[in-house]
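The structure under discussion appears below in the form of structure tokens.
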Amino acid sequence: MIQKEKLLLIIQREYLTRLKSKIFIVSTILAPVVMILLLVLPAVIQTMSGDRVRQFLVFDETGVVGQELVASDSVYYQLTEINPDSLRQSLMLGEMEGYLVVPHELLDGKGSAMFYHGGTAGMTVTSRIRSDVQRVVRDIRLDRLDTPAEVRQILTDRVETENLTITPEGEEAADSDFYMILGFIMGFIIYGAMFGYGAVIMRSVMEEKTSRIVEVVASSVRPFELLVGKVTGVAMLGLTQFVIWAAAGAVLMFAAGPVIALFIGTGPQGAETAAADVAVTAEAASFSIPAIGPMIWISFVLFFLLGFLIYSSLFAAVGSAVDQESDSQQLQLPIIMLIIIPLMFLFPVSDDPASRLAVTLSMIPFFAPILMPVRMAVLQIPFWQFGVTILIMVLTFTLLMWMSARIYRTGILMYGKKATFRELWRWMREN
Amino acid sequence: MSDSIVRFKGVTKKFGDTKAVNDVSFEVGKGRIFGLLGPNGAGKTTSIRMLTYILKPDTGIITVFGTPTGPETQARLGYLPEERGLYKKMKVGEQLVYLARLRGLSREDARKRIRYWLERFGAYEWIGQEVGELSKGMQQKIQFVATIAHDPDCLIFDEPFSGLDPINSEMLKDVILELRDAGKTIFFATHRMEQVEQICDDIALFNKGRLILNGELDKIRSSYGLNSIRLRFTGDNRFLSELKNVRINNKSTNFAELRLLEGADDQAILQQAQSHVRVRGFELVQPSIQEIFIDTVSRETPS
């Protein structure tokens with residue numbers, strides 16, 4: 001059999017045995033579920049913790065502010081005649097959660113309302129009280145000046161600024177925020193995939209080494225072919241997983257339109273009139289995510305693949321150098337650092353994707369797999385940057401694969417001791 | 001040997017500064033069982049890895065069926081590494097077919113041969129099970145099938161009996177002899193010398209990377225003559241340490257193997273023994289491989 005057929009055989013085994021494995025099936029199903037849970041859970045927890053009745057006493061010197069507060073929410077606020085000193089005493093005794101003192105001069109635009117609590121108020125409560133007091137005092141002061149309704153409208157009106165991108169071809173794309181989030185999500189998925197599949201490669205190399213099966217295989221094919229076959233098989237596995245997710249996502253999106261409409265329809269506006277409901281539902285039914293251009297998809301797949309190749313060659317070298325997973329920590333550390341560094345720059349880069357920092361970082365081959373898709377989602381980057389980065393990554397991969405294959409070739413036959421960086425260097429230089 | 005299957009010619013392999021294999025030359029004939037012997041670290045495994053083309057020699061040349069080692073020669077070898085393993089998560093059948101196909105068999109041929117050997121070992125019912133679910137003894141059988149399934153002309157076993165239970169050991173020995181009779185050449189590396197005597201036709205003794213003795217086992221042993229004593233007795237064995245001009249190679253409560261050194265007299269030893277214990281057996285024999293090894297090493301490295 002010619003060597004190419006053997007390589008195909010190896011790729012086939014690496015791909016198929018993993019495709020059929022429980023881990024692959026479970027992770028394919030579980031990863032999106034976990035992601036959705038992470039998005040939904042905080043909201044669920046919020047509503048669950050909201051069931052506690054909270055009440056605050058208001059000692060009002062103005063005679064009007066307190067009434068207005070109670071009028072806005074009679075459970076939350078309760079007027080009190082007890083003087084602040086006694087209130088203080090009873091707060092200290094733990095008889096109540098907190099109380100609010102509204103001084104005279106507040107209506108003259110001076111001083112401030114004082115909110116006392118036993119340290120248990122929390123962010124939601126304090127910010128709510130702050131905004132309630134602000135609104136009530138403002139309204140009363142406007143009333144006193146007989147402010148016309150038009151002026152009040154101006155004060156409460158929200159002025160929107162729409163966010164549009166114009167590409168050099170003159171195309172307009174709305175919703176930059178959406179693309180920024182998209183970039184983030186893609187960066188994170190690539191990060192997770194490089195880590196996850198890199199570890200798969202490392203563990204697989206280690207397993208073959210410790211079970212000595214590698215010697216049987218190496219007496220049939222060159223170790224390099226085994227390594228290439230393994231990396232290719234796992235890369236295909238990764239792409240398969242993405243395709244499954246993308247397909248499932250598309251189906252969900254298609255099916256979810258009406259569901260989302262339902263949600264928005266019965267949302268906070270649920271109390272409004274039926275007519276308004278219908279309008280909202282109609283709006284939601286036409287709700288759709290902005291188009292994700294082919295360039296974004298291509299760059300996502302391309303940067304995942306190249307990133308995976310670069311990191312998996314490093315992980316393979318580590319796997320071949322140790323006998324057990326616990327020994328791999330030290331050798332893995334530099335790789336993990338390289339993967340994590342771009343995460344720290346995720347925000348500055350997406351915040352100003354054309355800055356010199358962003359351009360430079362995103363062209364470093366180890367950071368590019370995470371940072372370049374983030375930039376490309378938000379911005380149409382100059383083609384030379386894209387091309388040069390791809391080129392640098394291909395060169396980096398070639399060099400690393402060459403180095404790694406040399407370490408691998410020696411490492412898989414070394415048993416019983418854990419290699420140091422110095423030894424890896426020596427193996428690499430030996431022929 | 002005109003029909004030599006494997007030939008090492010001036011083969012050297014260095015790791016760093018140490019010569020794992022140092023200028024080794026030997027030939028192995030067709031249908032022979034060839035024992036590679038020596039203590040751990042003598043260069044046996046490195047020699048095998050060069051033979052299987054996992055490693056390349058630094059200098060010298062290795063030929064298999066007259067062809068220098070390479071991908072083509074790999075397909076004609078079957079290799080059972082020392083501490084063996086298989087893919088634990090793969091099914092027995094799939095795994096064996098995969099390994100046989102890597103060695104160049106077509107899928108159909110691989111299936112046929114694997115079926116034959118699995119049936120032969122009474123293991124066919126496991127074909128759909130994952131290897132990790134099998135007992136150690138079963139895994140050893142599977143591993144053995146993996147080594148021979150592609151019908152190689154030359155088989156290499158590195159410590160094949162280590163960890164085998166007695167039943168599998170016996171079975172393996174039978175199969176090895178059967179393969180030899182079918183004209184296969186068999187390499188057999190071990191540091192347990194006593195196994196060699198039962199099974200090998202030729203031996204190569206390795207020590208510290210060098211080949212220190214090579215040839216037909218019977219010839220080597222007869223060249224030493226009847227220079228050893230096998231003694232069986234009942235009684236206190238302390239007298240053994242008082243014997244002069246002998247080397248005690250094997251000592252237990254009622255048995256001893258003695259090598260006669262220069263100036264030793266077998267009859268004097270017999271008398272001495274009789275004065276201390278009841279002698280049940282006394283026999284002049286050829287030296288054991290163990291003895292030959294020690295003898296050769298001590299001559300190589302004058303102390």
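Numbering starts fresh at 1 for the residues of each chain in the structure tokens, the chains themselves are lettered A, B, ... in the order given, and ligands are numbered from 1 as they appear.
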
Chain A near chain B within 7 Å: what's each residue's closest atom pair and its distance in Å to one decimal, counting only C-alpha atoms, ordered by chain then ascending residue number, as a Markdown table?
```
| residue | atom | partner | partner_atom | distance |
| --- | --- | --- | --- | --- |
| A:Met1 | CA | B:Gly104 | CA | 5.0 |
| A:Lys6 | CA | B:Leu102 | CA | 5.8 |
| A:Ser211 | CA | B:Gly85 | CA | 4.4 |
| A:Arg212 | CA | B:Gly85 | CA | 5.4 |
| A:Ile213 | CA | B:Gly85 | CA | 5.3 |
| A:Glu215 | CA | B:Pro81 | CA | 6.8 |
| A:Val216 | CA | B:Tyr79 | CA | 6.5 |
| A:Ala218 | CA | B:Ile54 | CA | 5.8 |
| A:Ser219 | CA | B:Thr52 | CA | 5.3 |
| A:Ser220 | CA | B:Gln74 | CA | 5.6 |
```

Selection to disk with N, CA and C atoms, as a short mmCIF file (atom, residue, chain, number, x, y, z; two decimals), in the first residue's frame:
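And here is the file that came out, selection-v3.cif:
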```cif
data_model
loop_
_atom_site.label_atom_id
_atom_site.label_comp_id
_atom_site.auth_asym_id
_atom_site.auth_seq_id
_atom_site.Cartn_x
_atom_site.Cartn_y
_atom_site.Cartn_z
N MET A 1 0.85 -1.20 0.00
CA MET A 1 0.00 0.00 0.00
C MET A 1 0.88 1.25 0.00
N LYS A 6 -2.22 4.86 3.54
CA LYS A 6 -2.07 4.67 4.98
C LYS A 6 -2.47 5.94 5.72
N SER A 211 0.26 3.44 26.07
CA SER A 211 -0.20 2.09 25.77
C SER A 211 0.75 1.38 24.81
N ARG A 212 1.76 2.08 24.35
CA ARG A 212 2.79 1.52 23.45
C ARG A 212 2.25 1.16 22.07
N ILE A 213 0.98 1.45 21.85
CA ILE A 213 0.44 1.13 20.52
C ILE A 213 1.21 1.93 19.47
N GLU A 215 4.22 2.22 19.06
CA GLU A 215 5.34 1.48 18.48
C GLU A 215 4.86 0.55 17.37
N VAL A 216 3.70 -0.04 17.61
CA VAL A 216 3.15 -0.92 16.58
C VAL A 216 2.83 -0.11 15.33
N ALA A 218 4.06 2.83 14.55
CA ALA A 218 5.29 3.40 13.98
C ALA A 218 6.12 2.35 13.24
N SER A 219 5.83 1.07 13.50
CA SER A 219 6.54 0.06 12.72
C SER A 219 5.81 -0.21 11.40
N SER A 220 4.72 0.55 11.16
CA SER A 220 4.02 0.44 9.87
C SER A 220 4.07 1.74 9.07
#
```

Next item on the list: Select from stretch 19-261 of chain B everything DSSP, run on the backbone, classes as strand (DSSP E or B), then give the selection as a count of residues only.
Entry: 73

Next item on the list: Write out as a ChimeraX atom specification the residues lying within 10 Å of stretch 275-286 of chain B, counting only C-alpha atoms and excluding same-chain residues fewer than 4 positions away.
Entry: /B:218,220-240,254-260,266,269-271,291-292

Could you write out the selected residues, including N, CA and C atoms, as a JSON list (two decimals), in the first residue's frame?
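out_38.json, freshly written:
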```json
[["chain", "number", "residue", "atom", "x", "y", "z"],
["B", 218, "ASP", "N", 23.42, -24.29, 20.11],
["B", 218, "ASP", "CA", 24.01, -25.58, 20.44],
["B", 218, "ASP", "C", 25.52, -25.56, 20.31],
["B", 220, "ILE", "N", 27.52, -22.96, 20.46],
["B", 220, "ILE", "CA", 28.12, -22.15, 21.50],
["B", 220, "ILE", "C", 28.24, -22.94, 22.80],
["B", 221, "ARG", "N", 27.12, -23.61, 23.12],
["B", 221, "ARG", "CA", 27.13, -24.33, 24.38],
["B", 221, "ARG", "C", 28.11, -25.49, 24.35],
["B", 222, "SER", "N", 28.15, -26.24, 23.23],
["B", 222, "SER", "CA", 29.06, -27.38, 23.21],
["B", 222, "SER", "C", 30.51, -26.93, 23.18],
["B", 223, "SER", "N", 30.75, -25.73, 22.69],
["B", 223, "SER", "CA", 32.13, -25.25, 22.68],
["B", 223, "SER", "C", 32.64, -25.04, 24.10],
["B", 224, "TYR", "N", 31.72, -24.85, 25.00],
["B", 224, "TYR", "CA", 32.14, -24.70, 26.39],
["B", 224, "TYR", "C", 32.41, -26.04, 27.06],
["B", 225, "GLY", "N", 31.88, -27.11, 26.45],
["B", 225, "GLY", "CA", 32.08, -28.43, 27.02],
["B", 225, "GLY", "C", 31.25, -28.64, 28.27],
["B", 226, "LEU", "N", 31.51, -29.81, 28.91],
["B", 226, "LEU", "CA", 30.75, -30.13, 30.11],
["B", 226, "LEU", "C", 31.45, -29.49, 31.30],
["B", 227, "ASN", "N", 31.25, -28.22, 31.46],
["B", 227, "ASN", "CA", 32.01, -27.52, 32.49],
["B", 227, "ASN", "C", 31.14, -27.08, 33.65],
["B", 228, "SER", "N", 29.94, -27.63, 33.72],
["B", 228, "SER", "CA", 29.06, -27.23, 34.81],
["B", 228, "SER", "C", 28.48, -28.44, 35.51],
["B", 229, "ILE", "N", 28.09, -28.24, 36.74],
["B", 229, "ILE", "CA", 27.52, -29.33, 37.53],
["B", 229, "ILE", "C", 26.11, -28.96, 37.95],
["B", 230, "ARG", "N", 25.21, -29.88, 37.75],
["B", 230, "ARG", "CA", 23.87, -29.72, 38.33],
["B", 230, "ARG", "C", 23.76, -30.68, 39.49],
["B", 231, "LEU", "N", 23.49, -30.12, 40.65],
["B", 231, "LEU", "CA", 23.53, -30.90, 41.87],
["B", 231, "LEU", "C", 22.19, -30.81, 42.58],
["B", 232, "ARG", "N", 21.61, -32.00, 42.88],
["B", 232, "ARG", "CA", 20.40, -32.02, 43.69],
["B", 232, "ARG", "C", 20.70, -32.73, 44.98],
["B", 233, "PHE", "N", 20.14, -32.23, 46.06],
["B", 233, "PHE", "CA", 20.54, -32.79, 47.36],
["B", 233, "PHE", "C", 19.46, -32.50, 48.40],
["B", 234, "THR", "N", 19.56, -33.18, 49.56],
["B", 234, "THR", "CA", 18.76, -32.78, 50.71],
["B", 234, "THR", "C", 19.71, -32.54, 51.86],
["B", 235, "GLY", "N", 19.45, -31.47, 52.58],
["B", 235, "GLY", "CA", 20.33, -31.13, 53.71],
["B", 235, "GLY", "C", 20.68, -29.67, 53.70],
["B", 236, "ASP", "N", 21.60, -29.33, 54.55],
["B", 236, "ASP", "CA", 22.01, -27.94, 54.74],
["B", 236, "ASP", "C", 22.89, -27.48, 53.57],
["B", 237, "ASN", "N", 22.49, -26.41, 52.87],
["B", 237, "ASN", "CA", 23.24, -26.02, 51.67],
["B", 237, "ASN", "C", 24.41, -25.09, 51.97],
["B", 238, "ARG", "N", 24.75, -24.90, 53.24],
["B", 238, "ARG", "CA", 25.83, -23.95, 53.55],
["B", 238, "ARG", "C", 27.19, -24.40, 53.03],
["B", 239, "PHE", "N", 27.32, -25.72, 52.82],
["B", 239, "PHE", "CA", 28.62, -26.22, 52.33],
["B", 239, "PHE", "C", 28.98, -25.61, 50.98],
["B", 240, "LEU", "N", 27.98, -25.16, 50.22],
["B", 240, "LEU", "CA", 28.22, -24.64, 48.87],
["B", 240, "LEU", "C", 29.21, -23.49, 48.87],
["B", 254, "ASN", "N", 17.47, -27.08, 47.69],
["B", 254, "ASN", "CA", 17.89, -28.45, 47.38],
["B", 254, "ASN", "C", 18.44, -28.61, 45.97],
["B", 255, "PHE", "N", 18.89, -27.49, 45.40],
["B", 255, "PHE", "CA", 19.42, -27.55, 44.04],
["B", 255, "PHE", "C", 20.52, -26.50, 43.88],
["B", 256, "ALA", "N", 21.54, -26.84, 43.07],
["B", 256, "ALA", "CA", 22.58, -25.84, 42.78],
["B", 256, "ALA", "C", 23.16, -26.10, 41.41],
["B", 257, "GLU", "N", 23.51, -25.00, 40.74],
["B", 257, "GLU", "CA", 24.20, -25.12, 39.45],
["B", 257, "GLU", "C", 25.57, -24.51, 39.64],
["B", 258, "LEU", "N", 26.60, -25.28, 39.40],
["B", 258, "LEU", "CA", 27.96, -24.81, 39.66],
["B", 258, "LEU", "C", 28.76, -24.78, 38.38],
["B", 259, "ARG", "N", 29.51, -23.74, 38.20],
["B", 259, "ARG", "CA", 30.42, -23.67, 37.06],
["B", 259, "ARG", "C", 31.82, -24.00, 37.56],
["B", 260, "LEU", "N", 32.44, -24.96, 36.88],
["B", 260, "LEU", "CA", 33.80, -25.34, 37.28],
["B", 260, "LEU", "C", 34.79, -24.33, 36.72],
["B", 266, "ASP", "N", 35.73, -32.10, 39.59],
["B", 266, "ASP", "CA", 34.34, -32.44, 39.83],
["B", 266, "ASP", "C", 34.19, -33.55, 40.87],
["B", 269, "ILE", "N", 34.46, -32.22, 44.34],
["B", 269, "ILE", "CA", 33.24, -31.51, 44.72],
["B", 269, "ILE", "C", 32.16, -32.50, 45.14],
["B", 270, "LEU", "N", 32.07, -33.59, 44.38],
["B", 270, "LEU", "CA", 31.09, -34.62, 44.72],
["B", 270, "LEU", "C", 31.33, -35.15, 46.13],
["B", 271, "GLN", "N", 32.62, -35.45, 46.42],
["B", 271, "GLN", "CA", 32.96, -35.97, 47.75],
["B", 271, "GLN", "C", 32.61, -34.97, 48.85],
["B", 291, "GLU", "N", 25.08, -18.54, 32.37],
["B", 291, "GLU", "CA", 26.49, -18.73, 32.68],
["B", 291, "GLU", "C", 27.36, -18.22, 31.52],
["B", 292, "ILE", "N", 26.94, -18.54, 30.32],
["B", 292, "ILE", "CA", 27.71, -18.10, 29.16],
["B", 292, "ILE", "C", 27.74, -16.58, 29.10]]
```

Next item on the list: Taking the chain letters and numbering used in this document, name the residues of stretch 57-188 of chain A that DSSP puts in alpha helix (DSSP H), as a ChimeraX atom specification.
Entry: /A:65-72,84-92,122-144,149-156,176-188

Notebook entry, point to check: For A:Pro32, which residue among A:Leu16, A:Leu155, A:Val228, A:Leu252 is the nearest when counting only C-alpha atoms?
Noted result: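 So, comparing all the options, the nearest one is A:Leu252.
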
List the neighbours of A:Phe315 out to 7 Å using only C-alpha atoms; skip same-chain residues closer than 5 positions along the sequence, and give me the result as a short mmCIF file (atom, residue, chain, number, x, y, z; two decimals) with C-alpha atoms, in the first residue's frame.
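Below is the file result08.cif, written as the result:
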```
data_model
loop_
_atom_site.label_atom_id
_atom_site.label_comp_id
_atom_site.auth_asym_id
_atom_site.auth_seq_id
_atom_site.Cartn_x
_atom_site.Cartn_y
_atom_site.Cartn_z
CA GLY A 198 -5.69 20.80 21.44
CA ALA A 199 -6.21 18.81 24.62
CA ILE A 201 -4.60 15.84 20.49
CA MET A 202 -2.37 15.92 23.53
#
```

Next item on the list: State, in Å with one decimal place, the distance from atom CA of A:Val243 to atom CA of A:Ala193.
Entry: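 Atom CA of A:Ala193 lies 13.4 Å from atom CA of A:Val243.
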
Produce a table with one row for each residue of stretch 137-158 of chain B that has an atom at most 10 Å from any atom of stretch 178-195 of chain B, each row naming the nearest atom pair and its distance in Å at one decimal; use only C-alpha atoms; arrange rows by chain and rising residue number; format as JSON lines.
```
{"residue": "B:Ile148", "atom": "CA", "partner": "B:Leu179", "partner_atom": "CA", "distance": 9.5}
{"residue": "B:Asp151", "atom": "CA", "partner": "B:Lys184", "partner_atom": "CA", "distance": 9.3}
{"residue": "B:Pro152", "atom": "CA", "partner": "B:Lys184", "partner_atom": "CA", "distance": 7.8}
{"residue": "B:Asp153", "atom": "CA", "partner": "B:Lys184", "partner_atom": "CA", "distance": 5.1}
{"residue": "B:Cys154", "atom": "CA", "partner": "B:Thr185", "partner_atom": "CA", "distance": 4.7}
{"residue": "B:Leu155", "atom": "CA", "partner": "B:Ile186", "partner_atom": "CA", "distance": 4.8}
{"residue": "B:Ile156", "atom": "CA", "partner": "B:Phe187", "partner_atom": "CA", "distance": 4.5}
{"residue": "B:Phe157", "atom": "CA", "partner": "B:Phe188", "partner_atom": "CA", "distance": 4.9}
{"residue": "B:Asp158", "atom": "CA", "partner": "B:Ala189", "partner_atom": "CA", "distance": 4.8}
```

Please produce an output containing N, CA and C atoms for each residue in the selection, written as a PDB file, in the first residue's frame.
```pdb
ATOM      1  N   ILE B 148       0.548 -11.024  14.065  1.00  0.00           N
ATOM      2  CA  ILE B 148       0.747 -12.030  13.020  1.00  0.00           C
ATOM      3  C   ILE B 148      -0.315 -12.005  11.932  1.00  0.00           C
ATOM      4  N   ASP B 151       0.350 -11.915   8.173  1.00  0.00           N
ATOM      5  CA  ASP B 151       1.173 -13.006   7.680  1.00  0.00           C
ATOM      6  C   ASP B 151       2.586 -12.548   7.311  1.00  0.00           C
ATOM      7  N   PRO B 152       3.280 -11.948   8.252  1.00  0.00           N
ATOM      8  CA  PRO B 152       4.622 -11.472   7.947  1.00  0.00           C
ATOM      9  C   PRO B 152       5.609 -12.633   7.841  1.00  0.00           C
ATOM     10  N   ASP B 153       6.658 -12.411   7.092  1.00  0.00           N
ATOM     11  CA  ASP B 153       7.666 -13.459   6.942  1.00  0.00           C
ATOM     12  C   ASP B 153       8.642 -13.449   8.093  1.00  0.00           C
ATOM     13  N   CYS B 154       8.676 -12.322   8.795  1.00  0.00           N
ATOM     14  CA  CYS B 154       9.618 -12.207   9.895  1.00  0.00           C
ATOM     15  C   CYS B 154       8.890 -11.581  11.080  1.00  0.00           C
ATOM     16  N   LEU B 155       8.978 -12.244  12.218  1.00  0.00           N
ATOM     17  CA  LEU B 155       8.256 -11.773  13.400  1.00  0.00           C
ATOM     18  C   LEU B 155       9.228 -11.348  14.486  1.00  0.00           C
ATOM     19  N   ILE B 156       8.863 -10.298  15.169  1.00  0.00           N
ATOM     20  CA  ILE B 156       9.737  -9.782  16.215  1.00  0.00           C
ATOM     21  C   ILE B 156       8.962  -9.709  17.519  1.00  0.00           C
ATOM     22  N   PHE B 157       9.421 -10.450  18.485  1.00  0.00           N
ATOM     23  CA  PHE B 157       8.763 -10.441  19.793  1.00  0.00           C
ATOM     24  C   PHE B 157       9.718  -9.878  20.831  1.00  0.00           C
ATOM     25  N   ASP B 158       9.300  -8.782  21.463  1.00  0.00           N
ATOM     26  CA  ASP B 158      10.135  -8.196  22.507  1.00  0.00           C
ATOM     27  C   ASP B 158       9.550  -8.617  23.852  1.00  0.00           C
TER      28      ASP B 158
END
```

Notebook entry, point to check: Separation of atom CA of B:Val175 and atom CA of B:Arg32, in Å?
Noted result: 14.0 Å

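Distance check against B:Leu172 using only C-alpha atoms: of B:Val145, B:Ala110, B:Ile127, B:Val196, the minimum falls on B:Val145.
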
Notebook entry, point to check: In Å, with one decimal, what is the gap from atom CA of A:Glu208 to atom CA of A:Leu227?
Noted result: 11.1 Å

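Nearest to A:Met114 of all the residues A:Val151, A:Val58, A:Leu91, A:Met372 is A:Val58, counting only C-alpha atoms.
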
Notebook entry, point to check: Do you know which residues are at most 12 Å from B:Arg7 counting only C-alpha atoms, after dropping those on the same chain fewer than 5 positions away, and could you put them as a VMD selection string?
Noted result: chain B and resid 1 to 2 24 to 30 47 50 to 51 60 to 69

Check: Restricting the calculation to only C-alpha atoms, which member of A:Ile10, A:Val53, A:Val322, A:Ala316 is positioned closest to A:Gly416?
Finding: A:Val322

Item checked: Which residue of B:Ile289, B:Cys200, B:Val11, B:Leu118 approaches B:Leu213 most closely, using only C-alpha atoms ->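 Closest to B:Leu213, using only C-alpha atoms: B:Ile289.
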
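Using only C-alpha atoms, the shortest contact distance between B:Val297 and any of B:Leu211, B:Gln140, B:Val21, B:Glu119 is found at B:Leu211.
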